[in-house]
Structures are given as C-alpha cells and as structure tokens.
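Next up, final-v2.cif (mmCIF, C-alpha atoms and all ligand atoms):
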```
data_start
#
loop_
_atom_site.label_atom_id
_atom_site.label_comp_id
_atom_site.auth_asym_id
_atom_site.auth_seq_id
_atom_site.Cartn_x
_atom_site.Cartn_y
_atom_site.Cartn_z
CA MET H 173 -91.46 -8.00 19.35
CA LYS H 174 -91.02 -4.22 19.49
CA THR H 175 -91.97 -2.13 16.46
CA VAL H 176 -90.06 0.90 15.21
CA LEU H 177 -91.07 3.36 12.48
CA ILE H 178 -88.07 4.84 10.64
CA THR H 179 -88.75 7.80 8.34
CA GLY H 180 -86.21 8.51 5.62
CA ALA H 181 -85.68 4.75 5.57
CA ALA H 182 -84.31 4.69 2.01
CA GLY H 183 -81.76 7.40 2.74
CA PHE H 184 -78.17 7.11 3.89
CA LEU H 185 -78.65 7.16 7.67
CA GLY H 186 -82.22 5.79 7.58
CA SER H 187 -81.18 2.65 5.73
CA HIS H 188 -78.31 1.95 8.14
CA LEU H 189 -80.75 2.42 11.04
CA CYS H 190 -83.18 -0.08 9.44
CA ASP H 191 -80.33 -2.62 9.29
CA ARG H 192 -79.41 -2.00 12.92
CA PHE H 193 -82.96 -2.36 14.27
CA ILE H 194 -83.56 -5.52 12.22
CA LYS H 195 -80.33 -6.89 13.71
CA GLU H 196 -81.55 -6.00 17.21
CA GLY H 197 -84.74 -8.06 16.64
CA PHE H 198 -87.25 -5.27 15.97
CA ARG H 199 -90.12 -5.20 13.52
CA VAL H 200 -89.14 -2.27 11.27
CA ILE H 201 -91.55 -0.08 9.33
CA GLY H 202 -89.60 2.02 6.82
CA MET H 203 -91.18 5.14 5.34
CA ASP H 204 -89.81 7.36 2.57
CA ASN H 205 -91.16 9.43 -0.33
CA LEU H 206 -87.98 8.72 -2.31
CA ILE H 207 -87.26 12.37 -3.20
CA THR H 208 -83.64 11.95 -2.14
CA GLY H 209 -83.77 8.35 -0.87
CA ASN H 210 -83.01 5.30 -3.01
CA LEU H 211 -84.73 1.92 -2.70
CA LYS H 212 -81.43 0.25 -3.55
CA ASN H 213 -80.32 1.09 -0.01
CA ILE H 214 -83.00 -1.17 1.49
CA GLU H 215 -83.83 -3.67 -1.24
CA HIS H 216 -82.04 -6.40 0.74
CA LEU H 217 -84.64 -5.92 3.52
CA PHE H 218 -87.72 -6.44 1.35
CA PRO H 219 -87.72 -10.26 1.59
CA LEU H 220 -87.78 -10.09 5.43
CA LYS H 221 -91.17 -10.51 7.11
CA GLU H 222 -90.00 -8.17 9.91
CA PHE H 223 -89.66 -5.33 7.38
CA THR H 224 -92.47 -3.27 5.81
CA PHE H 225 -92.08 -0.27 3.55
CA TYR H 226 -94.46 2.63 2.94
CA ASN H 227 -93.85 5.08 0.11
CA HIS H 228 -95.24 8.16 1.88
CA ASP H 229 -94.40 11.84 2.39
CA VAL H 230 -94.48 12.46 6.16
CA SER H 231 -95.30 16.14 5.60
CA ASN H 232 -98.84 14.78 5.06
CA PHE H 233 -100.83 13.01 7.79
CA VAL H 234 -99.08 9.79 8.79
CA HIS H 235 -101.07 6.65 9.52
CA VAL H 236 -99.51 3.41 10.71
CA PRO H 237 -101.76 0.51 11.75
CA GLY H 238 -101.21 -1.36 15.02
CA LYS H 239 -98.87 -0.73 17.90
CA LEU H 240 -95.73 1.35 17.68
CA ASP H 241 -93.00 1.45 20.32
CA TYR H 242 -90.45 3.79 18.75
CA ILE H 243 -90.27 6.39 15.99
CA LEU H 244 -87.04 7.64 14.42
CA HIS H 245 -87.59 10.74 12.27
CA PHE H 246 -84.78 10.81 9.71
CA ALA H 247 -86.67 12.02 6.65
CA SER H 248 -85.08 15.20 5.28
CA PRO H 249 -82.95 16.41 2.41
CA ALA H 250 -79.48 16.79 3.91
CA SER H 251 -77.08 18.41 1.47
CA PRO H 252 -76.66 22.09 0.58
CA ILE H 253 -77.48 21.31 -3.07
CA ASP H 254 -80.75 19.68 -2.01
CA TYR H 255 -81.72 22.76 0.02
CA LEU H 256 -81.37 24.86 -3.13
CA LYS H 257 -83.26 22.41 -5.32
CA ILE H 258 -86.10 21.53 -2.92
CA PRO H 259 -86.22 24.28 -0.28
CA ILE H 260 -89.96 24.10 0.44
CA GLN H 261 -89.94 20.32 0.93
CA THR H 262 -86.94 20.74 3.23
CA LEU H 263 -88.85 23.24 5.37
CA LYS H 264 -92.01 21.12 5.37
CA VAL H 265 -90.47 17.81 6.39
CA GLY H 266 -88.60 19.40 9.32
CA SER H 267 -91.67 21.30 10.52
CA LEU H 268 -94.97 19.73 9.34
CA GLY H 269 -93.39 16.26 9.11
CA THR H 270 -92.07 16.49 12.65
CA HIS H 271 -95.46 17.73 13.88
CA ASN H 272 -97.21 14.74 12.26
CA LEU H 273 -94.75 12.26 13.77
CA LEU H 274 -94.99 13.82 17.24
CA GLY H 275 -98.76 13.49 16.92
CA LEU H 276 -98.34 9.85 15.95
CA ALA H 277 -95.99 9.27 18.90
CA LYS H 278 -98.55 10.82 21.25
CA ALA H 279 -101.42 8.76 19.81
CA LYS H 280 -99.47 5.48 20.01
CA GLY H 281 -97.64 6.15 23.27
CA ALA H 282 -94.38 5.68 21.34
CA ARG H 283 -90.97 7.16 22.15
CA ILE H 284 -89.69 9.40 19.35
CA LEU H 285 -86.14 10.39 18.41
CA VAL H 286 -85.72 13.24 15.94
CA ALA H 287 -82.64 13.81 13.78
CA SER H 288 -81.33 17.29 14.39
CA THR H 289 -78.03 18.62 13.15
CA SER H 290 -74.88 20.59 13.87
CA GLU H 291 -76.43 23.13 11.47
CA VAL H 292 -78.49 24.41 14.41
CA TYR H 293 -75.19 26.01 15.52
CA GLY H 294 -74.87 27.77 12.11
CA ASP H 295 -71.43 29.34 11.56
CA PRO H 296 -70.49 28.82 15.21
CA LEU H 297 -68.82 31.43 17.39
CA VAL H 298 -68.15 28.83 20.10
CA HIS H 299 -65.63 26.09 19.38
CA PRO H 300 -65.93 23.14 19.81
CA GLN H 301 -69.74 23.25 19.90
CA THR H 302 -71.39 22.21 23.17
CA GLU H 303 -75.11 21.51 23.48
CA GLU H 304 -75.50 24.73 25.52
CA TYR H 305 -74.50 26.92 22.57
CA TRP H 306 -77.53 28.55 20.88
CA GLY H 307 -75.91 29.06 17.51
CA ASN H 308 -75.27 31.67 14.85
CA VAL H 309 -77.71 30.99 12.02
CA ASN H 310 -78.72 33.19 9.09
CA PRO H 311 -82.45 32.47 8.74
CA ILE H 312 -82.73 33.89 5.20
CA GLY H 313 -79.56 32.44 3.64
CA PRO H 314 -79.59 29.39 1.34
CA ARG H 315 -79.05 27.04 4.30
CA GLY H 316 -81.79 28.77 6.32
CA VAL H 317 -84.46 26.38 5.03
CA TYR H 318 -82.68 23.45 6.61
CA ASP H 319 -81.23 25.15 9.68
CA GLU H 320 -84.46 26.85 10.70
CA ALA H 321 -86.60 23.77 9.99
CA LYS H 322 -84.31 21.79 12.30
CA ARG H 323 -84.39 24.49 14.97
CA PHE H 324 -88.19 24.52 14.79
CA GLN H 325 -88.07 20.72 14.98
CA GLU H 326 -86.17 20.91 18.27
CA ALA H 327 -88.62 23.52 19.62
CA ILE H 328 -91.77 21.54 18.79
CA THR H 329 -90.20 18.32 20.07
CA MET H 330 -89.44 19.92 23.45
CA ALA H 331 -92.99 21.38 23.48
CA TYR H 332 -94.55 17.93 22.94
CA HIS H 333 -92.30 16.59 25.67
CA ARG H 334 -93.16 19.34 28.17
CA PHE H 335 -96.81 19.91 27.29
CA HIS H 336 -97.98 16.41 26.29
CA GLY H 337 -95.42 14.32 28.19
CA VAL H 338 -94.30 12.53 25.00
CA GLU H 339 -91.02 10.64 25.45
CA THR H 340 -88.67 12.48 23.10
CA ARG H 341 -84.98 12.30 22.15
CA ILE H 342 -83.00 14.80 20.03
CA VAL H 343 -79.73 13.89 18.35
CA ARG H 344 -77.57 16.65 16.85
CA ILE H 345 -75.76 14.87 14.05
CA PHE H 346 -72.39 16.19 12.88
CA ASN H 347 -70.99 15.41 9.40
CA THR H 348 -71.38 11.66 8.92
CA TYR H 349 -70.20 9.53 6.01
CA GLY H 350 -70.03 5.97 4.74
CA PRO H 351 -71.45 3.60 2.14
CA ARG H 352 -74.86 4.55 0.61
CA MET H 353 -74.22 8.28 0.55
CA ARG H 354 -75.35 9.70 -2.77
CA LEU H 355 -72.30 10.00 -4.96
CA ASN H 356 -73.36 13.26 -6.60
CA ASP H 357 -75.26 15.15 -3.92
CA GLY H 358 -72.45 17.69 -3.62
CA ARG H 359 -71.28 16.76 -0.11
CA VAL H 360 -67.55 16.90 0.24
CA ILE H 361 -66.70 13.23 0.79
CA PRO H 362 -68.63 11.76 -2.15
CA ALA H 363 -67.62 14.82 -4.22
CA PHE H 364 -63.87 14.28 -3.65
CA ILE H 365 -64.01 10.48 -4.02
CA GLY H 366 -66.14 10.80 -7.18
CA GLN H 367 -63.71 13.32 -8.64
CA ALA H 368 -60.74 11.05 -7.86
CA LEU H 369 -62.51 8.05 -9.45
CA ARG H 370 -63.33 10.06 -12.60
CA GLY H 371 -59.79 11.42 -12.79
CA GLU H 372 -60.91 15.02 -12.22
CA ASP H 373 -59.31 17.71 -10.09
CA LEU H 374 -60.62 18.00 -6.53
CA THR H 375 -62.67 21.16 -5.99
CA VAL H 376 -61.91 22.87 -2.70
CA PHE H 377 -64.33 25.71 -1.93
CA GLY H 378 -62.88 28.95 -0.55
CA ASP H 379 -59.29 28.77 0.66
CA GLY H 380 -59.99 25.34 2.20
CA ARG H 381 -59.16 26.51 5.72
CA GLN H 382 -62.72 25.82 6.89
CA THR H 383 -62.86 22.72 9.05
CA ARG H 384 -65.17 19.74 9.48
CA SER H 385 -65.08 16.65 11.72
CA PHE H 386 -66.22 13.46 10.00
CA CYS H 387 -67.95 10.59 11.78
CA TYR H 388 -68.18 7.08 10.31
CA VAL H 389 -71.76 5.84 9.92
CA ASP H 390 -71.46 2.80 12.24
CA ASP H 391 -70.31 5.07 15.09
CA GLN H 392 -73.20 7.45 14.38
CA VAL H 393 -75.76 4.62 14.40
CA GLU H 394 -74.39 3.29 17.69
CA GLY H 395 -74.70 6.75 19.28
CA ILE H 396 -78.27 7.15 18.01
CA TYR H 397 -79.24 3.68 19.26
CA ARG H 398 -77.85 4.39 22.73
CA LEU H 399 -79.57 7.78 22.88
CA LEU H 400 -82.93 6.27 21.95
CA MET H 401 -82.58 3.70 24.72
CA SER H 402 -81.45 6.31 27.28
CA ASP H 403 -83.75 8.45 29.43
CA TYR H 404 -82.24 11.78 28.34
CA SER H 405 -84.65 14.15 26.59
CA ARG H 406 -82.42 17.15 25.83
CA PRO H 407 -80.29 17.43 22.66
CA VAL H 408 -77.08 15.37 22.45
CA ASN H 409 -74.22 15.89 19.96
CA ILE H 410 -73.15 12.75 18.13
CA GLY H 411 -70.10 13.15 15.91
CA ASN H 412 -66.38 12.54 15.70
CA PRO H 413 -64.26 15.37 17.19
CA ASP H 414 -61.30 14.60 14.90
CA GLU H 415 -61.23 17.94 13.05
CA ILE H 416 -59.49 18.63 9.73
CA SER H 417 -59.36 21.52 7.27
CA ILE H 418 -60.96 20.84 3.88
CA ARG H 419 -57.61 21.64 2.22
CA ASP H 420 -55.79 18.95 4.21
CA PHE H 421 -58.71 16.61 3.69
CA ALA H 422 -58.38 16.93 -0.10
CA GLU H 423 -54.72 15.89 0.20
CA GLU H 424 -55.77 12.94 2.37
CA ILE H 425 -58.21 11.77 -0.32
CA ILE H 426 -55.55 12.06 -3.02
CA LYS H 427 -53.24 9.91 -0.91
CA LEU H 428 -55.97 7.37 -0.14
CA THR H 429 -57.04 6.95 -3.76
CA GLY H 430 -53.45 6.80 -5.02
CA THR H 431 -54.32 9.20 -7.82
CA ASP H 432 -52.31 12.22 -8.94
CA GLN H 433 -55.20 14.69 -9.06
CA LYS H 434 -54.64 18.34 -8.34
CA VAL H 435 -56.61 20.55 -6.00
CA VAL H 436 -58.44 23.48 -7.62
CA TYR H 437 -59.93 26.32 -5.61
CA LYS H 438 -63.51 27.54 -6.21
CA PRO H 439 -65.57 30.29 -4.51
CA LEU H 440 -66.93 29.51 -1.05
CA PRO H 441 -70.73 28.97 -0.95
CA ILE H 442 -72.73 31.56 1.04
CA ASN H 443 -72.84 30.96 4.84
CA ASP H 444 -70.53 27.95 4.63
CA PRO H 445 -69.55 27.43 8.30
CA MET H 446 -65.85 28.15 8.91
CA GLN H 447 -65.35 25.62 11.67
CA ARG H 448 -67.17 22.64 13.08
CA GLN H 449 -66.22 20.19 15.80
CA PRO H 450 -68.56 18.47 18.23
CA ASP H 451 -67.94 18.60 21.96
CA ILE H 452 -68.99 15.04 22.89
CA THR H 453 -68.48 15.24 26.66
CA LEU H 454 -72.22 14.82 27.23
CA ALA H 455 -72.54 11.72 24.97
CA LYS H 456 -69.54 10.18 26.76
CA GLU H 457 -71.09 10.86 30.17
CA ILE H 458 -74.69 9.82 29.63
CA LEU H 459 -74.36 7.22 26.86
CA GLY H 460 -70.84 5.91 27.48
CA TRP H 461 -70.38 6.54 23.75
CA GLU H 462 -67.44 7.71 21.70
CA PRO H 463 -66.46 7.07 18.07
CA LYS H 464 -64.29 4.01 17.39
CA VAL H 465 -63.61 4.14 13.64
CA SER H 466 -60.71 6.32 12.49
CA ARG H 467 -61.05 8.52 9.41
CA GLN H 468 -58.48 6.36 7.66
CA GLU H 469 -60.47 3.15 8.23
CA GLY H 470 -63.85 4.71 7.48
CA LEU H 471 -62.67 6.40 4.30
CA LYS H 472 -61.17 3.18 2.99
CA ILE H 473 -64.53 1.36 3.39
CA THR H 474 -66.35 4.30 1.80
CA TYR H 475 -63.90 4.51 -1.10
CA ASP H 476 -64.24 0.77 -1.79
CA TYR H 477 -68.02 1.17 -1.79
CA PHE H 478 -68.00 4.02 -4.31
CA LYS H 479 -65.47 2.14 -6.46
CA SER H 480 -67.78 -0.88 -6.58
CA LEU H 481 -70.73 1.11 -8.01
CA PRO H 482 -71.59 0.71 -11.71
CA LYS H 483 -69.61 3.13 -13.91
CA GLU H 484 -72.72 4.97 -15.11
CA VAL H 485 -73.53 6.02 -11.51
CA LEU H 486 -70.16 7.73 -11.36
CA TYR H 487 -71.12 9.94 -14.29
CA GLN H 488 -74.71 10.72 -13.26
CA ARG H 489 -74.85 14.41 -12.42
CA GLU H 490 -77.54 15.57 -10.03
CA HIS H 491 -76.90 19.22 -10.75
CA ASN H 492 -75.51 20.98 -13.79
CA SER H 493 -72.33 22.23 -12.26
CA PHE H 494 -71.01 23.46 -8.97
CA GLU H 495 -70.58 26.91 -10.56
CA GLU H 496 -74.36 27.00 -10.81
CA TYR H 497 -74.61 25.83 -7.21
CA ILE H 498 -72.25 28.49 -5.91
CA LYS H 499 -73.73 31.45 -7.79
CA ARG H 500 -77.29 30.96 -6.48
N1 LIG T 601 -66.64 21.42 -0.09
C1 LIG T 601 -65.56 21.57 -0.95
N2 LIG T 601 -65.61 20.99 -2.19
C2 LIG T 601 -66.68 20.25 -2.61
C3 LIG T 601 -67.78 20.09 -1.73
C4 LIG T 601 -67.72 20.69 -0.47
O1 LIG T 601 -64.56 22.23 -0.61
O2 LIG T 601 -66.65 19.76 -3.76
C5 LIG T 601 -66.58 22.04 1.24
C6 LIG T 601 -67.81 22.88 1.62
O3 LIG T 601 -67.68 24.19 1.14
C7 LIG T 601 -67.75 22.79 3.13
C8 LIG T 601 -67.17 21.40 3.41
O4 LIG T 601 -66.54 21.00 2.19
O5 LIG T 601 -66.88 23.76 3.66
C9 LIG T 601 -68.21 20.36 3.80
O6 LIG T 601 -69.25 20.40 2.87
P1 LIG T 601 -70.50 19.44 2.92
O7 LIG T 601 -71.46 19.90 1.88
O8 LIG T 601 -70.05 18.03 2.84
O9 LIG T 601 -71.12 19.60 4.37
P2 LIG T 601 -71.53 20.86 5.29
O10 LIG T 601 -71.03 22.14 4.68
O11 LIG T 601 -73.00 20.81 5.37
O12 LIG T 601 -70.84 20.54 6.54
#
```
Just dump the structure as structure tokens.
Amino acid sequence: MKTVLITGAAGFLGSHLCDRFIKEGFRVIGMDNLITGNLKNIEHLFPLKEFTFYNHDVSNFVHVPGKLDYILHFASPASPIDYLKIPIQTLKVGSLGTHNLLGLAKAKGARILVASTSEVYGDPLVHPQTEEYWGNVNPIGPRGVYDEAKRFQEAITMAYHRFHGVETRIVRIFNTYGPRMRLNDGRVIPAFIGQALRGEDLTVFGDGRQTRSFCYVDDQVEGIYRLLMSDYSRPVNIGNPDEISIRDFAEEIIKLTGTDQKVVYKPLPINDPMQRQPDITLAKEILGWEPKVSRQEGLKITYDYFKSLPKEVLYQREHNSFEEYIKR
C-alpha cells in the first residue's frame, strides 16, 4: 500500500484530495494546523484505518514516521481576505513550509507535488496565460505575500529537483470551486451564493469587467492526480478556460438561485487582476486532461451544498465588512 502525505488536508482542495487518494487505495496522512481548514471537511475519514491526521503547522519541522511515497503540499491560506488577516503565516507556509516538505521528500525518497497558483502570473499582460509567461506581480501589494511565497515555492522546488534530484511536480491552480469552500472567506463564488441565500444584494467589485475562469473541484483533482503520476517536473496549468466577466457571473448566480437580488458595485481591491484564463494546451498534451464539468453543473452542486449548511453558518462573518477589506 502506497502512503501519501497531504498538507492542508482539512481545507477545500486538501480534503477532496484525501477523498481521492483513499478511493485510489492509498494510506493517507492528513496534516493541517486548522488556521483556515475545518475538520468537518474530513470527519468522515476519521473512522478509516487508512487515514491518519496530524494537527501540525508545516512551517515548523515536519516529522512523519515510516515510509512515504508521495507528498502533496496544499497547506496555505488562499483567499485575498486571508492574506490581509494572516500575511506572515501565508508567507511562511509557502516558503518555510515548502522547504520543510522538500526536505522530508528528500529524506524519504518521496515524490512531491506543490500547489502553485495562477497568482504567479499576477495581473497578466499575456492572455490566456501559458506556462512560459513569467508574470506581472506587485511584490509589495496586499496579494504580494501570497504571490511571492508561491513564486519562491516554485523556485525552491525546482532547486531541490535540479540540485538534489528530488522528484517534484508543480501545479498552477486557477480559480477552483465546489462544496467545502468556506462560505465567508470573501471569494467570489461563496460570496455571491451566500448573498443570494441571505437575500442580500450581490457585491461586484470595480465595474465587474474583470474576468475569471472557474474550474469545478472534481476536474481540478483529476488534473492534479494525473500530474502527480506523470513524469513532468515543470509547472502545469490546471483550470477551466471558460472565461466570464464578474458582472455576467453575478447575473448567472441570480438566475441559478432564482432570487431577485440586485447587483451593487463596490470599489475594486488593490491589484485585483483584470483578466485570467488558463492556456491548458500543455495539460492536454502531457496529461490527456481537460475539464469535463460545465459551470452550470458545477454551480448547481455548489449551490445545493451551501443551501444544505446550517442557517447559523450562513450568518457567520469572518471579517467585519468588505468595506474594511477594500480600504486596507
Ligand atoms: N469579487 C467581487 N465581489 C465579491 C468578491 C469578489 O466582485 O464579493 C471579485 C474580485 O474583485 C475578483 C473576482 O471577483 O475580481 C474573483 O475574486 P476571488 O477573491 O474569488 O478570487 P481571485 O481574485 O483571487 O481570483
């Protein structure tokens, strides 16, 4: 039986990865310090003897007993509100955390896949974004703590690969959504669905002409699984190229939820990328992967999930207001 360590196991993507590797017959060791993760996402795995959980912050030395075949490093805050609330932890987990896990991979002879991001492209001047593009990132802006930590993560991962011969994989994840996202972390999909469920107006930032391309979680997990099992060590974009403006997306949510909410416009956060769409030619070529779930299907599943949550979750605020978020 192969063993995989998944960091950020109690988070959105981490928990879906735990499910997938259990399903594939792996022994799964989940690790999380629960800053932004939630044990509810993995509580169904606790009774399984193939699943172990460590409450640990990977920015500190990581010890795992026994053999390890694979490591997936998915521990990191991942929403612009989190970067403002916990900037130092965000920097540390992408840099020190990655260093610790690369060291663990080297010691155990394990293959490691690190979760990078479309944020390495910043506010991109090349569209759609190919893996060759080096990006347009403001290192000292509010998103800099995440973007630069992830860029450093890619650099140190390639260094361990080249210098120590560690088997490494780098996935550049574009906006991904689905059940188990945090309802109130400020990201646009939970934000809009939460607003619709509470009967509030939908808050579009800026003029809403900025674009994003949303990938359903099952497609993302499939891409990550294939990349881990491939022999390709350079970064690969995984995302859905179906691009939409945030303004049109708000209208789509209103239609989906059958509510009669209005759209209200609020100031655009600093360094909010104006356009984002993955070029997935490489993933198609080397992994034979492309997304299968349409936005309509994926959003319906996600909406049903959020609707099924207890009412009090809907009203739990993680930040005082988005005005506060924007002005910082
Ligand atoms: N956004 C918005 N209203 C919200 C939350 C987000 O218009 O209530 C916008 C945000 O400014 C950005 C886009 O939606 O242009 C996606 O935001 P998200 O935080 O989900 O992801 P990211 O900016 O990291 O892609």
Å distance separating atom CA of H:Ser417 from atom CA of H:Ile458, one decimal place: 29.5 Å
Would you give the centre and edge lengths, in Å to one decimal, of a box along x, y and z around the listed atoms of ligand LIG 601 (chain T), with 4 Å added to each side, as JSON?
```
{"center_x": -68.8, "center_y": 21.1, "center_z": 1.4, "size_x": 16.4, "size_y": 14.2, "size_z": 18.3}
```
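Distances to H:Thr179 were evaluated for H:Leu263, H:Ala363, H:Ala287, H:Leu220 using all atoms listed in the file, and the minimum falls at H:Ala287.
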Excluding H:Asp414 and any residue of its chain fewer than 3 positions from it, enumerate the residues within 12 Å of it, using all atoms listed in the file, and give them as a compact mmCIF listing (two decimals) with C-alpha atoms, keeping the file's coordinate frame.
```txt
# COMPACT_ATOMS: atom_id res chain seq x y z
CA PRO H 300 -65.93 23.14 19.81
CA PHE H 346 -72.39 16.19 12.88
CA ASN H 347 -70.99 15.41 9.40
CA THR H 383 -62.86 22.72 9.05
CA ARG H 384 -65.17 19.74 9.48
CA SER H 385 -65.08 16.65 11.72
CA PHE H 386 -66.22 13.46 10.00
CA CYS H 387 -67.95 10.59 11.78
CA TYR H 388 -68.18 7.08 10.31
CA GLY H 411 -70.10 13.15 15.91
CA SER H 417 -59.36 21.52 7.27
CA PHE H 421 -58.71 16.61 3.69
CA ARG H 448 -67.17 22.64 13.08
CA GLN H 449 -66.22 20.19 15.80
CA PRO H 450 -68.56 18.47 18.23
CA ASP H 451 -67.94 18.60 21.96
CA ILE H 452 -68.99 15.04 22.89
CA GLU H 462 -67.44 7.71 21.70
CA PRO H 463 -66.46 7.07 18.07
CA LYS H 464 -64.29 4.01 17.39
CA VAL H 465 -63.61 4.14 13.64
CA SER H 466 -60.71 6.32 12.49
CA ARG H 467 -61.05 8.52 9.41
CA GLN H 468 -58.48 6.36 7.66
```
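Using all atoms listed in the file, the protein and nucleic acid residues lying no more than 12 Å from stretch 481-484 of chain H, apart from those fewer than 2 places from it along its own chain, are H:Lys212, H:Pro351, H:Arg352, H:Met353, H:Arg354, H:Leu355, H:Asn356, H:Gly366, H:Leu369, H:Arg370, H:Thr474, H:Tyr475, H:Asp476, H:Tyr477, H:Phe478, H:Lys479, H:Leu486, H:Tyr487, H:Gln488, H:Arg489.
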Please build the interface table for chain H against ligand LIG 601 (chain T) with a cut-off of 7 Å, listing for each qualifying residue the nearest atom pair and the distance in Å to one decimal; count only C-alpha atoms and all ligand atoms, order rows by chain and increasing number, and write it as CSV.
```
residue,atom,partner,partner_atom,distance
H:Ser251,CA,T:LIG601,O7,5.8
H:Pro252,CA,T:LIG601,O7,5.8
H:Asn347,CA,T:LIG601,O12,5.9
H:Gly358,CA,T:LIG601,C3,5.6
H:Arg359,CA,T:LIG601,O8,3.4
H:Val360,CA,T:LIG601,C3,3.8
H:Ile361,CA,T:LIG601,O8,6.2
H:Ala363,CA,T:LIG601,O2,5.1
H:Phe364,CA,T:LIG601,O2,6.1
H:Leu374,CA,T:LIG601,O2,6.9
H:Thr375,CA,T:LIG601,O2,4.8
H:Val376,CA,T:LIG601,O1,3.4
H:Phe377,CA,T:LIG601,O1,3.7
H:Gly378,CA,T:LIG601,O1,6.9
H:Gly380,CA,T:LIG601,O1,6.2
H:Gln382,CA,T:LIG601,O5,5.7
H:Thr383,CA,T:LIG601,O5,6.8
H:Arg384,CA,T:LIG601,O12,6.4
H:Ile418,CA,T:LIG601,O4,5.8
H:Leu440,CA,T:LIG601,O3,5.8
H:Pro441,CA,T:LIG601,O3,6.0
H:Asp444,CA,T:LIG601,O5,5.6
H:Pro445,CA,T:LIG601,O5,6.5
H:Met446,CA,T:LIG601,O5,6.9
```
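Using all atoms listed in the file, the smallest distance between any of H:Lys280, H:Arg381, H:His245, H:Arg334 and H:Gln447 comes from H:Arg381.
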May I have a table of the residues of stretch 335-362 of chain H lying at most 10 Å from stretch 266-278 of chain H, giving each one's closest pair of atoms and their distance in Å to one decimal, counting all atoms listed in the file, ordered by chain and ascending residue number, as a Markdown table?
```
| residue | atom | partner | partner_atom | distance |
| --- | --- | --- | --- | --- |
| H:His336 | CA | H:Lys278 | CA | 7.5 |
| H:Gly337 | CA | H:Lys278 | CA | 8.4 |
| H:Val338 | CA | H:Lys278 | CA | 5.9 |
| H:Glu339 | CA | H:Ala277 | CA | 8.3 |
| H:Thr340 | CA | H:Leu274 | CA | 8.7 |
```
Which residue of H:Ile416, H:Ile410, H:Leu256, H:Ala279 approaches H:Glu394 most closely, using only C-alpha atoms: H:Ile410
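Of note, atom CA of H:Val236 and atom CA of H:Ile342 are spaced 22.1 Å apart.
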Nearby residues (only C-alpha atoms) at most 10 Å from H:Ser402, same-chain spacing under 4 positions excluded, as a PyMOL selection string: chain H and resi 341+396-398+458-459
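Closest approach to H:Glu372 among H:Thr329, H:Ser405, H:Gln433, H:Asn213: H:Gln433, based on all atoms listed in the file.
For the residues H:Ile426, H:Leu177, H:Ile258, H:Leu185, ranking by smallest atom-to-atom distance to H:Ile207 using only C-alpha atoms places H:Ile258 first.
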Radius query 8 Å about (-79.7, 20.1, 12.5), atoms used: only C-alpha atoms, as number ranges by chain: H: 287-292, 318-319, 322-323, 344-345
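Restricting the calculation to only C-alpha atoms, the smallest distance between H:Glu222 and any of H:Val298, H:Ala282, H:Met173, H:Ile178 is found for H:Met173.
Put simply, atom CA of H:Gln261 is 22.1 Å away from atom CA of H:Ile201.
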N, CA and C atoms of stretch 362-378 of chain H, written as a PDB file, in the first residue's frame:
```pdb
ATOM      1  N   PRO H 362     -18.474  31.691  -3.172  1.00  0.00           N
ATOM      2  CA  PRO H 362     -19.219  31.630  -1.915  1.00  0.00           C
ATOM      3  C   PRO H 362     -19.844  32.978  -1.540  1.00  0.00           C
ATOM      4  N   ALA H 363     -19.149  34.083  -1.867  1.00  0.00           N
ATOM      5  CA  ALA H 363     -19.700  35.409  -1.534  1.00  0.00           C
ATOM      6  C   ALA H 363     -21.046  35.609  -2.220  1.00  0.00           C
ATOM      7  N   PHE H 364     -21.103  35.390  -3.536  1.00  0.00           N
ATOM      8  CA  PHE H 364     -22.358  35.610  -4.280  1.00  0.00           C
ATOM      9  C   PHE H 364     -23.453  34.641  -3.831  1.00  0.00           C
ATOM     10  N   ILE H 365     -23.097  33.355  -3.672  1.00  0.00           N
ATOM     11  CA  ILE H 365     -24.127  32.372  -3.287  1.00  0.00           C
ATOM     12  C   ILE H 365     -24.637  32.688  -1.879  1.00  0.00           C
ATOM     13  N   GLY H 366     -23.706  33.042  -0.969  1.00  0.00           N
ATOM     14  CA  GLY H 366     -24.103  33.418   0.394  1.00  0.00           C
ATOM     15  C   GLY H 366     -25.031  34.618   0.376  1.00  0.00           C
ATOM     16  N   GLN H 367     -24.697  35.616  -0.422  1.00  0.00           N
ATOM     17  CA  GLN H 367     -25.533  36.815  -0.501  1.00  0.00           C
ATOM     18  C   GLN H 367     -26.928  36.450  -1.022  1.00  0.00           C
ATOM     19  N   ALA H 368     -26.971  35.620  -2.058  1.00  0.00           N
ATOM     20  CA  ALA H 368     -28.277  35.217  -2.612  1.00  0.00           C
ATOM     21  C   ALA H 368     -29.092  34.466  -1.559  1.00  0.00           C
ATOM     22  N   LEU H 369     -28.427  33.576  -0.810  1.00  0.00           N
ATOM     23  CA  LEU H 369     -29.155  32.790   0.204  1.00  0.00           C
ATOM     24  C   LEU H 369     -29.650  33.665   1.362  1.00  0.00           C
ATOM     25  N   ARG H 370     -28.922  34.740   1.667  1.00  0.00           N
ATOM     26  CA  ARG H 370     -29.338  35.637   2.752  1.00  0.00           C
ATOM     27  C   ARG H 370     -30.301  36.717   2.261  1.00  0.00           C
ATOM     28  N   GLY H 371     -30.523  36.747   0.955  1.00  0.00           N
ATOM     29  CA  GLY H 371     -31.413  37.765   0.394  1.00  0.00           C
ATOM     30  C   GLY H 371     -30.763  39.136   0.304  1.00  0.00           C
ATOM     31  N   GLU H 372     -29.421  39.160   0.212  1.00  0.00           N
ATOM     32  CA  GLU H 372     -28.709  40.444   0.092  1.00  0.00           C
ATOM     33  C   GLU H 372     -28.346  40.723  -1.360  1.00  0.00           C
ATOM     34  N   ASP H 373     -28.032  42.002  -1.631  1.00  0.00           N
ATOM     35  CA  ASP H 373     -27.558  42.340  -2.973  1.00  0.00           C
ATOM     36  C   ASP H 373     -26.191  41.708  -3.217  1.00  0.00           C
ATOM     37  N   LEU H 374     -25.903  41.426  -4.489  1.00  0.00           N
ATOM     38  CA  LEU H 374     -24.603  40.842  -4.847  1.00  0.00           C
ATOM     39  C   LEU H 374     -23.589  41.965  -5.053  1.00  0.00           C
ATOM     40  N   THR H 375     -22.448  41.858  -4.398  1.00  0.00           N
ATOM     41  CA  THR H 375     -21.431  42.917  -4.450  1.00  0.00           C
ATOM     42  C   THR H 375     -20.409  42.631  -5.550  1.00  0.00           C
ATOM     43  N   VAL H 376     -20.507  43.401  -6.626  1.00  0.00           N
ATOM     44  CA  VAL H 376     -19.497  43.282  -7.687  1.00  0.00           C
ATOM     45  C   VAL H 376     -18.431  44.347  -7.442  1.00  0.00           C
ATOM     46  N   PHE H 377     -17.175  43.934  -7.414  1.00  0.00           N
ATOM     47  CA  PHE H 377     -16.086  44.885  -7.172  1.00  0.00           C
ATOM     48  C   PHE H 377     -15.639  45.503  -8.503  1.00  0.00           C
ATOM     49  N   GLY H 378     -15.369  46.820  -8.451  1.00  0.00           N
ATOM     50  CA  GLY H 378     -14.978  47.533  -9.674  1.00  0.00           C
ATOM     51  C   GLY H 378     -16.170  47.632 -10.601  1.00  0.00           C
TER      52      GLY H 378
END
```
